[in-house]
Every structure is written in structure tokens, then in C-alpha cells.
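Enquirer: File follows, protein_18.cif with mmCIF, C-alpha atoms:
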```
data_work
#
loop_
_atom_site.label_atom_id
_atom_site.label_comp_id
_atom_site.auth_asym_id
_atom_site.auth_seq_id
_atom_site.Cartn_x
_atom_site.Cartn_y
_atom_site.Cartn_z
CA MET F 236 -65.53 -22.65 -66.15
CA THR F 237 -67.93 -25.15 -67.60
CA GLU F 238 -66.81 -27.42 -70.40
CA SER F 239 -69.42 -26.08 -72.84
CA TYR F 240 -67.60 -22.75 -72.87
CA LEU F 241 -64.13 -24.24 -73.24
CA LYS F 242 -62.09 -24.53 -76.41
CA ILE F 243 -59.08 -26.72 -77.07
CA ILE F 244 -55.91 -24.65 -77.38
CA TYR F 245 -53.52 -27.63 -77.46
CA SER F 246 -53.70 -31.38 -77.94
CA GLY F 247 -50.67 -33.63 -77.65
CA SER F 248 -48.22 -34.86 -75.03
CA PHE F 249 -48.59 -34.44 -71.28
CA VAL F 250 -45.24 -32.67 -70.95
CA ASN F 251 -46.11 -30.05 -73.57
CA ALA F 252 -49.57 -29.60 -72.08
CA GLN F 253 -48.03 -28.89 -68.67
CA TYR F 254 -45.62 -26.38 -70.25
CA ILE F 255 -48.41 -24.56 -72.11
CA ALA F 256 -50.68 -24.53 -69.06
CA GLY F 257 -47.86 -23.04 -66.99
CA ILE F 258 -47.26 -20.25 -69.50
CA LEU F 259 -50.96 -19.42 -69.69
CA GLU F 260 -51.40 -19.39 -65.93
CA GLN F 261 -48.38 -17.08 -65.54
CA GLU F 262 -50.21 -14.66 -67.83
CA GLY F 263 -53.39 -14.93 -65.77
CA ILE F 264 -55.34 -17.22 -68.11
CA LYS F 265 -57.05 -20.07 -66.32
CA CYS F 266 -56.97 -23.38 -68.14
CA ILE F 267 -57.83 -27.01 -67.67
CA ILE F 268 -55.71 -30.01 -68.60
CA LYS F 269 -57.82 -32.95 -69.71
CA ASN F 270 -55.86 -36.20 -69.81
CA GLU F 271 -57.72 -38.84 -71.83
CA PHE F 272 -54.93 -41.39 -71.25
CA GLN F 273 -55.17 -41.08 -67.46
CA THR F 274 -58.95 -41.29 -67.70
CA SER F 275 -58.76 -44.49 -69.74
CA LEU F 276 -56.30 -46.03 -67.27
CA MET F 277 -58.60 -45.27 -64.35
CA ALA F 278 -61.51 -46.82 -66.25
CA GLY F 279 -59.51 -50.01 -66.70
CA TRP F 280 -58.72 -49.76 -70.39
CA ALA F 281 -55.95 -47.85 -72.09
CA ALA F 282 -56.38 -47.73 -75.82
CA PRO F 283 -53.17 -47.72 -77.87
CA GLY F 284 -52.10 -44.24 -78.89
CA THR F 285 -54.01 -42.47 -76.13
CA GLU F 286 -50.84 -41.48 -74.27
CA ASN F 287 -50.75 -38.30 -76.39
CA LEU F 288 -54.38 -37.41 -75.88
CA VAL F 289 -53.85 -34.61 -73.41
CA LYS F 290 -55.74 -31.39 -74.08
CA VAL F 291 -55.40 -27.88 -72.71
CA LEU F 292 -58.70 -26.03 -72.66
CA VAL F 293 -59.37 -22.32 -72.14
CA SER F 294 -62.54 -20.27 -72.06
CA GLU F 295 -63.91 -19.03 -75.39
CA GLU F 296 -63.32 -15.39 -74.51
CA LYS F 297 -59.62 -16.03 -73.77
CA ILE F 298 -58.80 -18.20 -76.82
CA GLU F 299 -57.27 -15.43 -78.94
CA LYS F 300 -55.12 -14.06 -76.12
CA ALA F 301 -54.02 -17.59 -75.20
CA SER F 302 -53.08 -18.35 -78.82
CA GLN F 303 -50.97 -15.20 -78.98
CA ILE F 304 -49.19 -16.02 -75.72
CA ILE F 305 -48.35 -19.52 -76.96
CA LYS F 306 -47.04 -18.17 -80.30
CA GLU F 307 -44.83 -15.68 -78.48
CA ALA F 308 -43.50 -18.40 -76.15
CA ARG F 309 -42.66 -20.66 -79.10
CA GLY F 310 -40.82 -17.78 -80.74
CA ASN F 311 -38.62 -17.43 -77.66
CA GLU F 312 -37.59 -21.09 -77.53
#
```
Translate the structure of the given file into C-alpha cells.
Expert:
Amino acid sequence: MTESYLKIIYSGSFVNAQYIAGILEQEGIKCIIKNEFQTSLMAGWAAPGTENLVKVLVSEEKIEKASQIIKEARGNE
């Protein structure tokens, strides 16, 4: 999966991103978690408000299926 073919399916907290990624992977959809906060810490600067800049990315061809899976999971909470 290259980043040019990835779409953001979620943006928010690390905990929720982990939860969503787990659900998607259980359904066979590969995803990537991109943590802007962790990246900024490693670079030596952590901008205020970046602690919730965690993104879950999926491939373009899986975006609709992933959206449906997330909606169903939220309905079961």
C-alpha cells in the first residue's frame, strides 16, 4: 500500500484509531495508523493539540467497505 492510494477513514484519538484498525483488520481490511503526535515528538517538537492527530488510512478500493464496517460497529456499541 502506497500512501498515494490511501484515504483517511478516521482522524482523532489514538485509542479510537486502535479500536477502528482492529475492527477493520478482523474483517480482512488492511489499514495504516499514522500518528502525527508521535512523529512530532520524535522530531523534537510537539505542537499543542497534536495529541489527537492520529489517522487510520485504508486503500481507495476498500474505503466504502471500511466505512460500512465502522458504521455497523458503532451501531453495536
Enquirer: So how far away is atom CA of F:Ile258 from atom CA of F:Glu307, in Å?
Expert: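 A separation of 10.4 Å between them.
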Enquirer: May I ask for the distance between atom CA of F:Lys269 and atom CA of F:Gly310, given in Å to one decimal place?
Expert: 25.3 Å
Enquirer: What is the distance between atom CA of F:Val250 and atom CA of F:Glu299, in Å to one decimal?
Expert: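 Atom CA of F:Glu299 lies 22.5 Å from atom CA of F:Val250.
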Enquirer: Let me know the residues the PyMOL selection byres ((chain F and resi 302) around 12) catches in the file above, as number ranges by chain.
Expert: F: 242-245, 255-256, 258-259, 262, 264, 291-301, 303-309
